>>> print(open('work-v2.txt').read())   # compact mmCIF, C-alpha atoms (C1' of nucleotides)
# COMPACT_ATOMS: atom_id res chain seq x y z
CA MET M 1 -63.30 -42.77 -33.30
CA THR M 2 -63.15 -40.53 -30.29
CA ASP M 3 -65.62 -37.74 -29.81
CA ILE M 4 -64.34 -34.27 -29.12
CA ALA M 5 -66.02 -32.43 -26.27
CA PRO M 6 -67.53 -29.14 -27.47
CA LEU M 7 -65.41 -26.09 -26.80
CA SER M 8 -68.48 -24.44 -25.29
CA ASP M 9 -68.28 -26.92 -22.41
CA ASP M 10 -64.63 -26.21 -21.69
CA ILE M 11 -64.22 -24.51 -18.32
CA GLY M 12 -61.06 -22.66 -19.33
CA PHE M 13 -62.66 -21.31 -22.48
CA LEU M 14 -65.79 -20.27 -20.59
CA LEU M 15 -63.82 -18.58 -17.81
CA THR M 16 -61.83 -16.55 -20.31
CA ARG M 17 -64.93 -15.66 -22.28
CA ALA M 18 -66.92 -14.58 -19.22
CA GLY M 19 -63.90 -12.76 -17.81
CA THR M 20 -63.41 -10.87 -21.06
CA SER M 21 -67.05 -9.91 -21.05
CA LEU M 22 -66.98 -8.54 -17.49
CA THR M 23 -63.64 -6.84 -18.08
CA ALA M 24 -64.99 -5.04 -21.12
CA ALA M 25 -67.95 -3.83 -19.09
CA ALA M 26 -65.63 -2.77 -16.27
CA LYS M 27 -63.47 -0.86 -18.73
CA THR M 28 -66.47 1.16 -19.86
CA ALA M 29 -67.72 1.71 -16.32
CA LEU M 30 -64.31 2.94 -15.14
CA ALA M 31 -63.54 5.17 -18.12
CA PRO M 32 -65.33 8.26 -16.67
CA PHE M 33 -62.99 8.05 -13.67
CA GLU M 34 -59.95 7.83 -15.93
CA LEU M 35 -59.15 4.50 -14.37
CA ARG M 36 -58.48 1.33 -16.25
CA VAL M 37 -59.20 -2.08 -14.83
CA ARG M 38 -55.63 -2.57 -13.68
CA SER M 39 -55.21 0.79 -12.02
CA TYR M 40 -58.56 0.40 -10.33
CA SER M 41 -57.43 -2.88 -8.77
CA VAL M 42 -54.25 -1.27 -7.46
CA LEU M 43 -56.24 1.60 -6.00
CA ALA M 44 -58.80 -0.76 -4.49
CA LEU M 45 -56.11 -2.82 -2.78
CA ALA M 46 -54.45 0.32 -1.45
CA CYS M 47 -57.81 1.34 0.02
CA GLU M 48 -58.35 -2.07 1.56
CA HIS M 49 -55.04 -2.07 3.41
CA ALA M 50 -55.49 0.76 5.87
CA ASP M 51 -51.86 0.53 6.95
CA GLY M 52 -50.52 0.45 3.40
CA LEU M 53 -48.77 -2.37 1.60
CA GLY M 54 -45.60 -3.01 -0.39
CA GLN M 55 -45.43 -3.32 -4.15
CA ARG M 56 -44.40 -6.94 -3.86
CA GLN M 57 -47.53 -7.74 -1.91
CA LEU M 58 -49.57 -5.76 -4.42
CA ALA M 59 -48.12 -7.85 -7.23
CA GLU M 60 -48.87 -11.07 -5.44
CA GLU M 61 -52.47 -10.24 -4.60
CA LEU M 62 -53.10 -9.15 -8.17
CA GLY M 63 -51.31 -12.10 -9.70
CA LEU M 64 -48.96 -9.82 -11.61
CA ASP M 65 -45.22 -9.59 -11.94
CA PRO M 66 -43.69 -6.91 -9.66
CA SER M 67 -42.28 -5.17 -12.73
CA GLN M 68 -45.79 -4.52 -14.00
CA ILE M 69 -46.75 -2.75 -10.80
CA VAL M 70 -44.30 0.10 -11.26
CA ALA M 71 -46.06 1.95 -14.06
CA LEU M 72 -49.46 1.46 -12.45
CA VAL M 73 -48.24 2.96 -9.18
CA ASP M 74 -46.39 5.72 -11.03
CA ASP M 75 -49.60 6.82 -12.67
CA LEU M 76 -51.77 6.72 -9.56
CA GLU M 77 -49.07 8.52 -7.57
CA ALA M 78 -48.77 11.27 -10.20
CA ARG M 79 -52.51 11.79 -9.86
CA GLU M 80 -52.17 11.88 -6.07
CA LEU M 81 -54.61 9.03 -5.61
CA ILE M 82 -52.00 7.02 -3.71
CA SER M 83 -48.73 7.86 -2.02
CA ARG M 84 -45.51 5.88 -2.23
CA ARG M 85 -43.02 6.35 0.56
CA VAL M 86 -39.88 4.55 1.57
CA ASP M 87 -40.35 2.40 4.64
CA PRO M 88 -37.90 3.77 7.25
CA ALA M 89 -37.68 0.35 8.89
CA ASP M 90 -36.45 -1.31 5.69
CA ARG M 91 -35.43 1.16 3.07
CA ARG M 92 -35.82 -1.37 0.26
CA ASN M 93 -39.56 -1.31 0.82
CA LYS M 94 -41.97 1.29 -0.44
CA ARG M 95 -45.30 1.50 1.25
CA ILE M 96 -48.33 2.34 -0.86
CA ASP M 97 -51.22 4.19 0.79
CA ALA M 98 -54.42 5.54 -0.68
CA THR M 99 -54.89 9.29 -0.27
CA ASP M 100 -58.21 10.81 0.72
CA ALA M 101 -58.81 11.73 -2.91
CA GLY M 102 -57.97 8.16 -3.86
CA ARG M 103 -60.47 6.74 -1.40
CA THR M 104 -63.21 9.03 -2.60
CA LEU M 105 -62.58 8.16 -6.22
CA CYS M 106 -62.40 4.47 -5.41
CA VAL M 107 -65.76 4.48 -3.67
CA ASP M 108 -67.40 6.19 -6.62
CA ALA M 109 -65.70 3.92 -9.13
CA GLN M 110 -66.69 0.85 -7.21
CA ARG M 111 -70.30 1.96 -7.15
CA ALA M 112 -70.30 2.36 -10.92
CA LEU M 113 -68.59 -0.98 -11.33
CA ALA M 114 -71.02 -2.81 -9.06
CA SER M 115 -73.97 -1.38 -10.91
CA THR M 116 -72.60 -2.44 -14.31
CA GLN M 117 -71.76 -5.89 -13.05
CA SER M 118 -75.12 -6.48 -11.45
CA GLU M 119 -76.78 -5.80 -14.80
CA ILE M 120 -74.76 -8.59 -16.34
CA LEU M 121 -75.17 -10.96 -13.41
CA ALA M 122 -78.82 -10.18 -12.75
CA ALA M 123 -80.00 -13.16 -14.77
CA LEU M 124 -78.13 -15.52 -12.48
CA GLY M 125 -79.78 -14.76 -9.18
CA ASP M 126 -78.07 -13.97 -5.89
CA ARG M 127 -77.52 -17.51 -4.87
CA ALA M 128 -75.78 -18.52 -8.08
CA VAL M 129 -73.56 -15.44 -7.81
CA ARG M 130 -72.53 -16.37 -4.27
CA GLU M 131 -71.77 -19.92 -5.33
CA LEU M 132 -69.84 -18.66 -8.32
CA ARG M 133 -67.76 -16.41 -6.07
CA GLN M 134 -66.93 -19.28 -3.74
CA THR M 135 -66.02 -21.58 -6.58
CA LEU M 136 -63.77 -19.00 -8.23
CA GLN M 137 -62.05 -18.25 -4.94
CA ALA M 138 -61.33 -21.96 -4.62
CA ILE M 139 -59.76 -22.03 -8.08
CA ALA M 140 -57.89 -18.75 -7.72
CA PRO M 141 -54.20 -19.23 -7.13
CA GLY M 142 -52.28 -17.56 -4.35
CA ARG M 143 -53.58 -19.68 -1.53
CA GLU M 144 -51.49 -22.77 -2.15
CA MET O 1 -67.85 6.73 5.34
CA THR O 2 -68.56 4.03 2.86
CA ASP O 3 -66.90 0.65 3.03
CA ILE O 4 -65.20 -0.69 -0.01
CA ALA O 5 -65.96 -4.29 -0.89
CA PRO O 6 -62.78 -6.37 -1.03
CA LEU O 7 -61.37 -6.91 -4.50
CA SER O 8 -61.15 -10.62 -3.71
CA ASP O 9 -64.96 -10.74 -3.72
CA ASP O 10 -65.29 -9.06 -7.10
CA ILE O 11 -66.67 -11.48 -9.66
CA GLY O 12 -64.90 -9.79 -12.58
CA PHE O 13 -61.56 -9.90 -10.82
CA LEU O 14 -62.04 -13.53 -9.82
CA LEU O 15 -63.12 -14.57 -13.32
CA THR O 16 -60.06 -12.98 -14.85
CA ARG O 17 -57.78 -14.48 -12.22
CA ALA O 18 -59.19 -17.99 -12.56
CA GLY O 19 -59.23 -17.67 -16.35
CA THR O 20 -55.60 -16.60 -16.40
CA SER O 21 -54.71 -19.55 -14.21
CA LEU O 22 -56.44 -22.11 -16.44
CA THR O 23 -55.11 -20.44 -19.58
CA ALA O 24 -51.55 -20.67 -18.30
CA ALA O 25 -52.05 -24.36 -17.59
CA ALA O 26 -53.61 -24.86 -21.02
CA LYS O 27 -50.66 -23.12 -22.64
CA THR O 28 -48.26 -25.58 -21.04
CA ALA O 29 -50.44 -28.58 -21.86
CA LEU O 30 -50.75 -27.56 -25.53
CA ALA O 31 -47.09 -26.63 -26.07
CA PRO O 32 -45.99 -30.21 -26.98
CA PHE O 33 -48.53 -30.13 -29.83
CA GLU O 34 -47.20 -26.79 -31.03
CA LEU O 35 -50.63 -25.34 -30.49
CA ARG O 36 -51.38 -22.25 -28.52
CA VAL O 37 -54.67 -21.69 -26.75
CA ARG O 38 -56.08 -19.64 -29.60
CA SER O 39 -55.11 -22.00 -32.39
CA TYR O 40 -56.41 -24.94 -30.39
CA SER O 41 -59.81 -23.29 -30.12
CA VAL O 42 -59.94 -22.70 -33.86
CA LEU O 43 -58.97 -26.30 -34.52
CA ALA O 44 -61.49 -27.58 -31.98
CA LEU O 45 -64.32 -25.61 -33.58
CA ALA O 46 -63.33 -26.84 -37.02
CA CYS O 47 -63.53 -30.40 -35.68
CA GLU O 48 -66.90 -29.80 -34.08
CA HIS O 49 -68.48 -28.56 -37.28
CA ALA O 50 -68.41 -31.64 -39.46
CA ASP O 51 -69.61 -29.68 -42.47
CA GLY O 52 -67.12 -26.86 -41.98
CA LEU O 53 -67.77 -23.25 -41.06
CA GLY O 54 -66.93 -19.75 -42.26
CA GLN O 55 -64.35 -17.47 -40.70
CA ARG O 56 -67.04 -15.06 -39.63
CA GLN O 57 -68.81 -17.77 -37.70
CA LEU O 58 -65.49 -18.83 -36.20
CA ALA O 59 -64.91 -15.28 -35.02
CA GLU O 60 -68.31 -15.07 -33.47
CA GLU O 61 -68.15 -18.34 -31.60
CA LEU O 62 -64.72 -17.43 -30.24
CA GLY O 63 -65.67 -13.87 -29.38
CA LEU O 64 -62.89 -12.49 -31.56
CA ASP O 65 -62.75 -9.93 -34.34
CA PRO O 66 -62.77 -11.51 -37.81
CA SER O 67 -59.44 -9.85 -38.56
CA GLN O 68 -57.82 -11.84 -35.77
CA ILE O 69 -58.94 -15.12 -37.31
CA VAL O 70 -56.88 -14.73 -40.46
CA ALA O 71 -53.44 -15.39 -38.98
CA LEU O 72 -54.75 -18.26 -36.85
CA VAL O 73 -56.27 -19.97 -39.87
CA ASP O 74 -53.18 -19.20 -41.97
CA ASP O 75 -51.00 -21.06 -39.49
CA LEU O 76 -53.25 -24.10 -39.11
CA GLU O 77 -53.71 -24.29 -42.87
CA ALA O 78 -49.95 -24.15 -43.49
CA ARG O 79 -49.60 -27.11 -41.15
CA GLU O 80 -52.39 -28.92 -43.00
CA LEU O 81 -54.47 -29.30 -39.85
CA ILE O 82 -57.38 -27.52 -41.49
CA SER O 83 -58.31 -26.67 -45.04
CA ARG O 84 -59.69 -23.38 -46.30
CA ARG O 85 -61.61 -23.43 -49.55
CA VAL O 86 -63.80 -20.93 -51.33
CA ASP O 87 -67.47 -21.75 -51.04
CA PRO O 88 -68.69 -22.23 -54.65
CA ALA O 89 -72.20 -21.16 -53.64
CA ASP O 90 -71.01 -17.79 -52.31
CA ARG O 91 -67.50 -16.98 -53.39
CA ARG O 92 -67.06 -14.43 -50.59
CA ASN O 93 -67.14 -17.28 -48.09
CA LYS O 94 -64.29 -19.57 -47.22
CA ARG O 95 -65.16 -22.80 -45.53
CA ILE O 96 -62.85 -24.14 -42.88
CA ASP O 97 -62.66 -27.89 -42.41
CA ALA O 98 -60.46 -29.97 -40.14
CA THR O 99 -58.24 -32.46 -41.97
CA ASP O 100 -57.75 -36.01 -40.71
CA ALA O 101 -54.39 -34.97 -39.28
CA GLY O 102 -56.10 -32.03 -37.61
CA ARG O 103 -58.71 -34.24 -36.01
CA THR O 104 -56.12 -36.65 -34.71
CA LEU O 105 -54.04 -33.86 -33.22
CA CYS O 106 -57.11 -32.24 -31.73
CA VAL O 107 -58.17 -35.41 -29.95
CA ASP O 108 -54.72 -35.85 -28.44
CA ALA O 109 -54.47 -32.19 -27.47
CA GLN O 110 -57.87 -32.27 -25.87
CA ARG O 111 -56.94 -35.29 -23.82
CA ALA O 112 -53.85 -33.51 -22.49
CA LEU O 113 -55.88 -30.40 -21.81
CA ALA O 114 -58.61 -32.26 -19.96
CA SER O 115 -56.09 -34.02 -17.78
CA THR O 116 -54.37 -30.76 -16.83
CA GLN O 117 -57.64 -29.04 -16.13
CA SER O 118 -59.00 -31.83 -13.98
CA GLU O 119 -55.96 -31.54 -11.74
CA ILE O 120 -56.80 -27.91 -11.12
CA LEU O 121 -60.52 -28.48 -10.76
CA ALA O 122 -60.24 -31.68 -8.75
CA ALA O 123 -60.62 -29.85 -5.45
CA LEU O 124 -64.02 -28.56 -6.51
CA GLY O 125 -65.85 -31.81 -7.05
CA ASP O 126 -67.88 -32.85 -10.09
CA ARG O 127 -71.05 -31.17 -9.02
CA ALA O 128 -69.45 -27.77 -8.46
CA VAL O 129 -67.75 -28.04 -11.86
CA ARG O 130 -71.07 -28.77 -13.58
CA GLU O 131 -72.71 -25.83 -11.82
CA LEU O 132 -69.78 -23.61 -12.70
CA ARG O 133 -70.10 -24.59 -16.36
CA GLN O 134 -73.80 -23.78 -16.39
CA THR O 135 -73.29 -20.45 -14.69
CA LEU O 136 -70.50 -19.44 -17.05
CA GLN O 137 -72.56 -20.43 -20.06
CA ALA O 138 -75.31 -18.17 -18.76
CA ILE O 139 -72.88 -15.24 -18.49
CA ALA O 140 -71.09 -15.89 -21.77
CA PRO O 141 -72.13 -13.47 -24.48
CA GLY O 142 -73.21 -14.52 -27.92
CA ARG O 143 -76.65 -15.73 -26.95
CA GLU O 144 -78.38 -12.37 -26.66
C1' DT X 1 -75.05 -1.12 -50.79
C1' DA X 2 -73.84 -4.84 -47.76
C1' DT X 3 -70.91 -8.76 -46.56
C1' DT X 4 -66.54 -11.82 -46.25
C1' DG X 5 -62.09 -11.94 -45.74
C1' DT X 6 -57.85 -9.31 -45.56
C1' DT X 7 -54.14 -5.89 -44.39
C1' DA X 8 -52.25 -2.38 -41.55
C1' DT X 9 -51.50 0.06 -37.38
C1' DA X 10 -51.43 1.32 -32.74
C1' DC X 11 -52.13 0.09 -28.17
C1' DT X 12 -52.36 -2.95 -24.09
C1' DC X 13 -50.91 -6.90 -21.73
C1' DT X 14 -47.54 -10.57 -20.66
C1' DA X 15 -43.08 -12.65 -19.85
C1' DT X 16 -38.10 -12.34 -19.02
C1' DA X 17 -33.91 -10.76 -17.86
C1' DA X 18 -30.85 -7.63 -15.96
C1' DC X 19 -29.83 -3.77 -13.06
C1' DT X 20 -29.72 -0.71 -8.28
C1' DA X 21 -30.05 -0.13 -3.65
C1' DT X 22 -30.59 -1.90 0.37
C1' DA X 23 -30.34 -5.76 3.85
C1' DT W 1 -26.28 -13.61 -0.82
C1' DA W 2 -30.91 -12.36 -0.90
C1' DT W 3 -34.82 -9.13 -1.44
C1' DA W 4 -37.65 -4.83 -3.18
C1' DG W 5 -38.09 -2.07 -6.65
C1' DT W 6 -36.91 -0.63 -11.38
C1' DT W 7 -35.82 -0.57 -16.39
C1' DA W 8 -35.79 -2.52 -20.92
C1' DT W 9 -37.38 -5.36 -24.49
C1' DA W 10 -39.77 -8.66 -27.14
C1' DG W 11 -43.90 -11.11 -27.85
C1' DA W 12 -48.85 -11.97 -27.60
C1' DG W 13 -53.38 -10.19 -27.45
C1' DT W 14 -56.87 -6.37 -28.48
C1' DA W 15 -59.16 -2.68 -31.02
C1' DT W 16 -59.97 0.04 -35.23
C1' DA W 17 -60.07 1.45 -39.68
C1' DA W 18 -59.72 0.79 -44.39
C1' DC W 19 -59.58 -2.09 -48.54
C1' DA W 20 -60.67 -5.81 -52.40
C1' DA W 21 -63.71 -9.18 -54.04
C1' DT W 22 -68.21 -10.72 -54.28
C1' DA W 23 -73.14 -10.53 -53.65
>>> encode(input="work-v2.txt", output="structure tokens")
Amino acid sequence: MTDIAPLSDDIGFLLTRAGTSLTAAAKTALAPFELRVRSYSVLALACEHADGLGQRQLAEELGLDPSQIVALVDDLEARELISRRVDPADRRNKRIDATDAGRTLCVDAQRALASTQSEILAALGDRAVRELRQTLQAIAPGRE
Amino acid sequence: MTDIAPLSDDIGFLLTRAGTSLTAAAKTALAPFELRVRSYSVLALACEHADGLGQRQLAEELGLDPSQIVALVDDLEARELISRRVDPADRRNKRIDATDAGRTLCVDAQRALASTQSEILAALGDRAVRELRQTLQAIAPGRE
DNA sequence: TATTGTTATACTCTATAACTATA
DNA sequence: TATAGTTATAGAGTATAACAATA
């Protein structure tokens, strides 16, 4: 008779559960900015890449399918938080850049997000958070 | 001019990304058993609780809304992997118990799952995995 | 009145495939 | 022929509200 390991020890289950918990908190924190978690990530990546980036690259860094990027970019572009322009060098490409308004909003949103997250992670201590970050980055796909 | 912390350092983002990665692997590993991640978790919890448990408790341990449990239990019951019977002591309650077939399937499924997961987590080392588990359990809600 | 399970509904997210325009 | 972006669609997951039976 084989014992079954408790679900509460399963790393996949725990990752999903903890992720859901932080995502829910992020959703609340971002709501005042009329950003959802997904659109925030797109905006944040646009801000990170000072020289802009293509939608394909966006999809890859977010771990999403390129087709999912379209609506996210549409929305942020309509709100003039990012711009989307055809790359003259290769007209298949569209380069995404954050606008000044986008950068300002992103900074504010990130502040709110960080504050919400640190409440949740406070119990862990700085060191455990750093180790957690490293471990998750080692698991995260995209660097194979 | 404020700097924006890279998205790839954001714990929420990383948790979701790593969780998605493990969930995708789990989905593949469970497919041969005709279990999806959700139904596996229900079955696993039913196996853990030797004396059965109510749907409300199931919902709470999984972090789901009770209304989402119904269809999951319906399916597993139809396949005779669990049983659902009215609690004579309190007829509002329905107790969920794993059947023998359910237990057998669960053990096999868990073995497949563990093997898939250890491939992904192998690079981390046992110690990092144990620390990750502890940290995630500290974040996980349900123990407030 | 409060609780357990249930149904219904709408919304978001995920996964695929096919299409267009450029190269 | 290959790649970037786009559109469409179906399926899974999430979030709420309301209801029946029971306490």
>>> calpha_fit_and_write(input="work-v2.txt", fixed="chain M", moving="chain O", output="mmCIF file with C-alpha atoms, keeping the file's coordinate frame")
data_model
loop_
_atom_site.group_PDB
_atom_site.id
_atom_site.type_symbol
_atom_site.label_atom_id
_atom_site.label_comp_id
_atom_site.auth_asym_id
_atom_site.auth_seq_id
_atom_site.Cartn_x
_atom_site.Cartn_y
_atom_site.Cartn_z
ATOM 1 C CA MET O 1 -63.114 -42.799 -33.217
ATOM 2 C CA THR O 2 -63.029 -40.540 -30.244
ATOM 3 C CA ASP O 3 -65.527 -37.760 -29.754
ATOM 4 C CA ILE O 4 -64.286 -34.309 -29.064
ATOM 5 C CA ALA O 5 -65.985 -32.465 -26.231
ATOM 6 C CA PRO O 6 -67.490 -29.187 -27.433
ATOM 7 C CA LEU O 7 -65.376 -26.117 -26.777
ATOM 8 C CA SER O 8 -68.453 -24.454 -25.295
ATOM 9 C CA ASP O 9 -68.262 -26.923 -22.397
ATOM 10 C CA ASP O 10 -64.613 -26.219 -21.662
ATOM 11 C CA ILE O 11 -64.235 -24.510 -18.308
ATOM 12 C CA GLY O 12 -61.065 -22.659 -19.327
ATOM 13 C CA PHE O 13 -62.674 -21.315 -22.468
ATOM 14 C CA LEU O 14 -65.806 -20.271 -20.595
ATOM 15 C CA LEU O 15 -63.831 -18.583 -17.811
ATOM 16 C CA THR O 16 -61.847 -16.561 -20.303
ATOM 17 C CA ARG O 17 -64.956 -15.660 -22.275
ATOM 18 C CA ALA O 18 -66.950 -14.584 -19.227
ATOM 19 C CA GLY O 19 -63.924 -12.759 -17.819
ATOM 20 C CA THR O 20 -63.424 -10.875 -21.063
ATOM 21 C CA SER O 21 -67.078 -9.908 -21.054
ATOM 22 C CA LEU O 22 -67.015 -8.534 -17.500
ATOM 23 C CA THR O 23 -63.664 -6.848 -18.092
ATOM 24 C CA ALA O 24 -65.013 -5.040 -21.137
ATOM 25 C CA ALA O 25 -67.968 -3.823 -19.098
ATOM 26 C CA ALA O 26 -65.652 -2.774 -16.273
ATOM 27 C CA LYS O 27 -63.493 -0.855 -18.726
ATOM 28 C CA THR O 28 -66.488 1.175 -19.858
ATOM 29 C CA ALA O 29 -67.732 1.728 -16.312
ATOM 30 C CA LEU O 30 -64.309 2.944 -15.124
ATOM 31 C CA ALA O 31 -63.541 5.182 -18.116
ATOM 32 C CA PRO O 32 -65.333 8.270 -16.662
ATOM 33 C CA PHE O 33 -62.991 8.055 -13.654
ATOM 34 C CA GLU O 34 -59.964 7.835 -15.923
ATOM 35 C CA LEU O 35 -59.159 4.506 -14.365
ATOM 36 C CA ARG O 36 -58.504 1.343 -16.251
ATOM 37 C CA VAL O 37 -59.214 -2.083 -14.827
ATOM 38 C CA ARG O 38 -55.636 -2.575 -13.703
ATOM 39 C CA SER O 39 -55.210 0.790 -12.032
ATOM 40 C CA TYR O 40 -58.566 0.395 -10.324
ATOM 41 C CA SER O 41 -57.429 -2.875 -8.784
ATOM 42 C CA VAL O 42 -54.254 -1.277 -7.473
ATOM 43 C CA LEU O 43 -56.235 1.601 -6.014
ATOM 44 C CA ALA O 44 -58.798 -0.761 -4.501
ATOM 45 C CA LEU O 45 -56.101 -2.823 -2.790
ATOM 46 C CA ALA O 46 -54.441 0.312 -1.468
ATOM 47 C CA CYS O 47 -57.797 1.324 0.022
ATOM 48 C CA GLU O 48 -58.350 -2.085 1.554
ATOM 49 C CA HIS O 49 -55.040 -2.081 3.377
ATOM 50 C CA ALA O 50 -55.486 0.736 5.849
ATOM 51 C CA ASP O 51 -51.863 0.517 6.930
ATOM 52 C CA GLY O 52 -50.516 0.441 3.384
ATOM 53 C CA LEU O 53 -48.742 -2.368 1.576
ATOM 54 C CA GLY O 54 -45.574 -2.998 -0.414
ATOM 55 C CA GLN O 55 -45.387 -3.302 -4.177
ATOM 56 C CA ARG O 56 -44.385 -6.922 -3.894
ATOM 57 C CA GLN O 57 -47.502 -7.713 -1.930
ATOM 58 C CA LEU O 58 -49.552 -5.748 -4.447
ATOM 59 C CA ALA O 59 -48.096 -7.845 -7.242
ATOM 60 C CA GLU O 60 -48.870 -11.044 -5.461
ATOM 61 C CA GLU O 61 -52.450 -10.225 -4.609
ATOM 62 C CA LEU O 62 -53.088 -9.141 -8.195
ATOM 63 C CA GLY O 63 -51.283 -12.092 -9.729
ATOM 64 C CA LEU O 64 -48.938 -9.800 -11.636
ATOM 65 C CA ASP O 65 -45.178 -9.563 -11.963
ATOM 66 C CA PRO O 66 -43.659 -6.903 -9.692
ATOM 67 C CA SER O 67 -42.225 -5.153 -12.740
ATOM 68 C CA GLN O 68 -45.734 -4.521 -14.028
ATOM 69 C CA ILE O 69 -46.705 -2.733 -10.827
ATOM 70 C CA VAL O 70 -44.252 0.113 -11.278
ATOM 71 C CA ALA O 71 -46.028 1.960 -14.088
ATOM 72 C CA LEU O 72 -49.432 1.452 -12.462
ATOM 73 C CA VAL O 73 -48.230 2.942 -9.192
ATOM 74 C CA ASP O 74 -46.373 5.716 -11.039
ATOM 75 C CA ASP O 75 -49.604 6.818 -12.684
ATOM 76 C CA LEU O 76 -51.760 6.705 -9.556
ATOM 77 C CA GLU O 77 -49.068 8.501 -7.577
ATOM 78 C CA ALA O 78 -48.775 11.262 -10.192
ATOM 79 C CA ARG O 79 -52.510 11.795 -9.837
ATOM 80 C CA GLU O 80 -52.154 11.868 -6.049
ATOM 81 C CA LEU O 81 -54.599 9.004 -5.589
ATOM 82 C CA ILE O 82 -51.993 7.010 -3.702
ATOM 83 C CA SER O 83 -48.730 7.838 -2.012
ATOM 84 C CA ARG O 84 -45.504 5.871 -2.217
ATOM 85 C CA ARG O 85 -42.996 6.350 0.563
ATOM 86 C CA VAL O 86 -39.856 4.534 1.591
ATOM 87 C CA ASP O 87 -40.364 2.364 4.634
ATOM 88 C CA PRO O 88 -37.924 3.726 7.269
ATOM 89 C CA ALA O 89 -37.716 0.292 8.897
ATOM 90 C CA ASP O 90 -36.534 -1.385 5.682
ATOM 91 C CA ARG O 91 -35.435 1.104 3.086
ATOM 92 C CA ARG O 92 -35.839 -1.426 0.263
ATOM 93 C CA ASN O 93 -39.589 -1.322 0.813
ATOM 94 C CA LYS O 94 -41.960 1.308 -0.445
ATOM 95 C CA ARG O 95 -45.309 1.516 1.224
ATOM 96 C CA ILE O 96 -48.328 2.342 -0.863
ATOM 97 C CA ASP O 97 -51.193 4.177 0.793
ATOM 98 C CA ALA O 98 -54.417 5.520 -0.665
ATOM 99 C CA THR O 99 -54.876 9.273 -0.246
ATOM 100 C CA ASP O 100 -58.214 10.783 0.758
ATOM 101 C CA ALA O 101 -58.813 11.715 -2.874
ATOM 102 C CA GLY O 102 -57.969 8.151 -3.845
ATOM 103 C CA ARG O 103 -60.450 6.715 -1.387
ATOM 104 C CA THR O 104 -63.202 9.007 -2.564
ATOM 105 C CA LEU O 105 -62.588 8.140 -6.198
ATOM 106 C CA CYS O 106 -62.398 4.456 -5.385
ATOM 107 C CA VAL O 107 -65.761 4.458 -3.643
ATOM 108 C CA ASP O 108 -67.412 6.181 -6.589
ATOM 109 C CA ALA O 109 -65.705 3.919 -9.112
ATOM 110 C CA GLN O 110 -66.709 0.844 -7.198
ATOM 111 C CA ARG O 111 -70.309 1.949 -7.124
ATOM 112 C CA ALA O 112 -70.321 2.368 -10.907
ATOM 113 C CA LEU O 113 -68.608 -0.970 -11.326
ATOM 114 C CA ALA O 114 -71.032 -2.802 -9.067
ATOM 115 C CA SER O 115 -73.997 -1.366 -10.896
ATOM 116 C CA THR O 116 -72.644 -2.430 -14.291
ATOM 117 C CA GLN O 117 -71.788 -5.878 -13.060
ATOM 118 C CA SER O 118 -75.151 -6.472 -11.448
ATOM 119 C CA GLU O 119 -76.828 -5.792 -14.775
ATOM 120 C CA ILE O 120 -74.806 -8.578 -16.329
ATOM 121 C CA LEU O 121 -75.196 -10.949 -13.410
ATOM 122 C CA ALA O 122 -78.841 -10.162 -12.742
ATOM 123 C CA ALA O 123 -80.039 -13.128 -14.778
ATOM 124 C CA LEU O 124 -78.157 -15.502 -12.504
ATOM 125 C CA GLY O 125 -79.800 -14.735 -9.200
ATOM 126 C CA ASP O 126 -78.101 -13.924 -5.899
ATOM 127 C CA ARG O 127 -77.553 -17.482 -4.872
ATOM 128 C CA ALA O 128 -75.809 -18.491 -8.093
ATOM 129 C CA VAL O 129 -73.586 -15.407 -7.824
ATOM 130 C CA ARG O 130 -72.569 -16.320 -4.268
ATOM 131 C CA GLU O 131 -71.797 -19.885 -5.327
ATOM 132 C CA LEU O 132 -69.865 -18.625 -8.322
ATOM 133 C CA ARG O 133 -67.785 -16.377 -6.070
ATOM 134 C CA GLN O 134 -66.966 -19.248 -3.739
ATOM 135 C CA THR O 135 -66.038 -21.553 -6.578
ATOM 136 C CA LEU O 136 -63.807 -18.966 -8.223
ATOM 137 C CA GLN O 137 -62.094 -18.217 -4.938
ATOM 138 C CA ALA O 138 -61.359 -21.921 -4.625
ATOM 139 C CA ILE O 139 -59.771 -21.978 -8.094
ATOM 140 C CA ALA O 140 -57.897 -18.699 -7.740
ATOM 141 C CA PRO O 141 -54.201 -19.212 -7.144
ATOM 142 C CA GLY O 142 -52.277 -17.550 -4.380
ATOM 143 C CA ARG O 143 -53.566 -19.725 -1.578
ATOM 144 C CA GLU O 144 -51.418 -22.787 -2.194
#
>>> atom_distance(input="work-v2.txt", atom1="atom CA of Ala59 of chain O", atom2="atom CA of Gly12 of chain O")
23.1 Å
>>> interface_residues(input="work-v2.txt", of="chain O", to="chain W", cutoff="8 Å", atoms="all atoms listed in the file", output="mmCIF file with C-alpha atoms, in the coordinates of the input")
data_model
loop_
_atom_site.group_PDB
_atom_site.id
_atom_site.type_symbol
_atom_site.label_atom_id
_atom_site.label_comp_id
_atom_site.auth_asym_id
_atom_site.auth_seq_id
_atom_site.Cartn_x
_atom_site.Cartn_y
_atom_site.Cartn_z
ATOM 1 C CA ASP O 90 -71.010 -17.790 -52.310
ATOM 2 C CA ARG O 91 -67.500 -16.980 -53.390
ATOM 3 C CA ARG O 92 -67.060 -14.430 -50.590
#
>>> interface_residues(input="work-v2.txt", of="chain O", to="chain X", cutoff="12 Å", atoms="only C-alpha atoms (C1' of nucleotides)", output="PyMOL selection string")
chain O and resi 20+24+54-57+59+65-71+73-74+84+86-87+90-95
>>> atom_distance(input="work-v2.txt", atom1="atom CA of Ser39 of chain M", atom2="atom CA of Asp126 of chain M")
27.9 Å
>>> axis_aligned_box(input="work-v2.txt", around="segment 14-32 of chain M", padding_each_side="5 Å", output="AutoDock Vina command-line options")
--center_x -64.9 --center_y -6.0 --center_z -18.7 --size_x 16.1 --size_y 38.5 --size_z 17.1
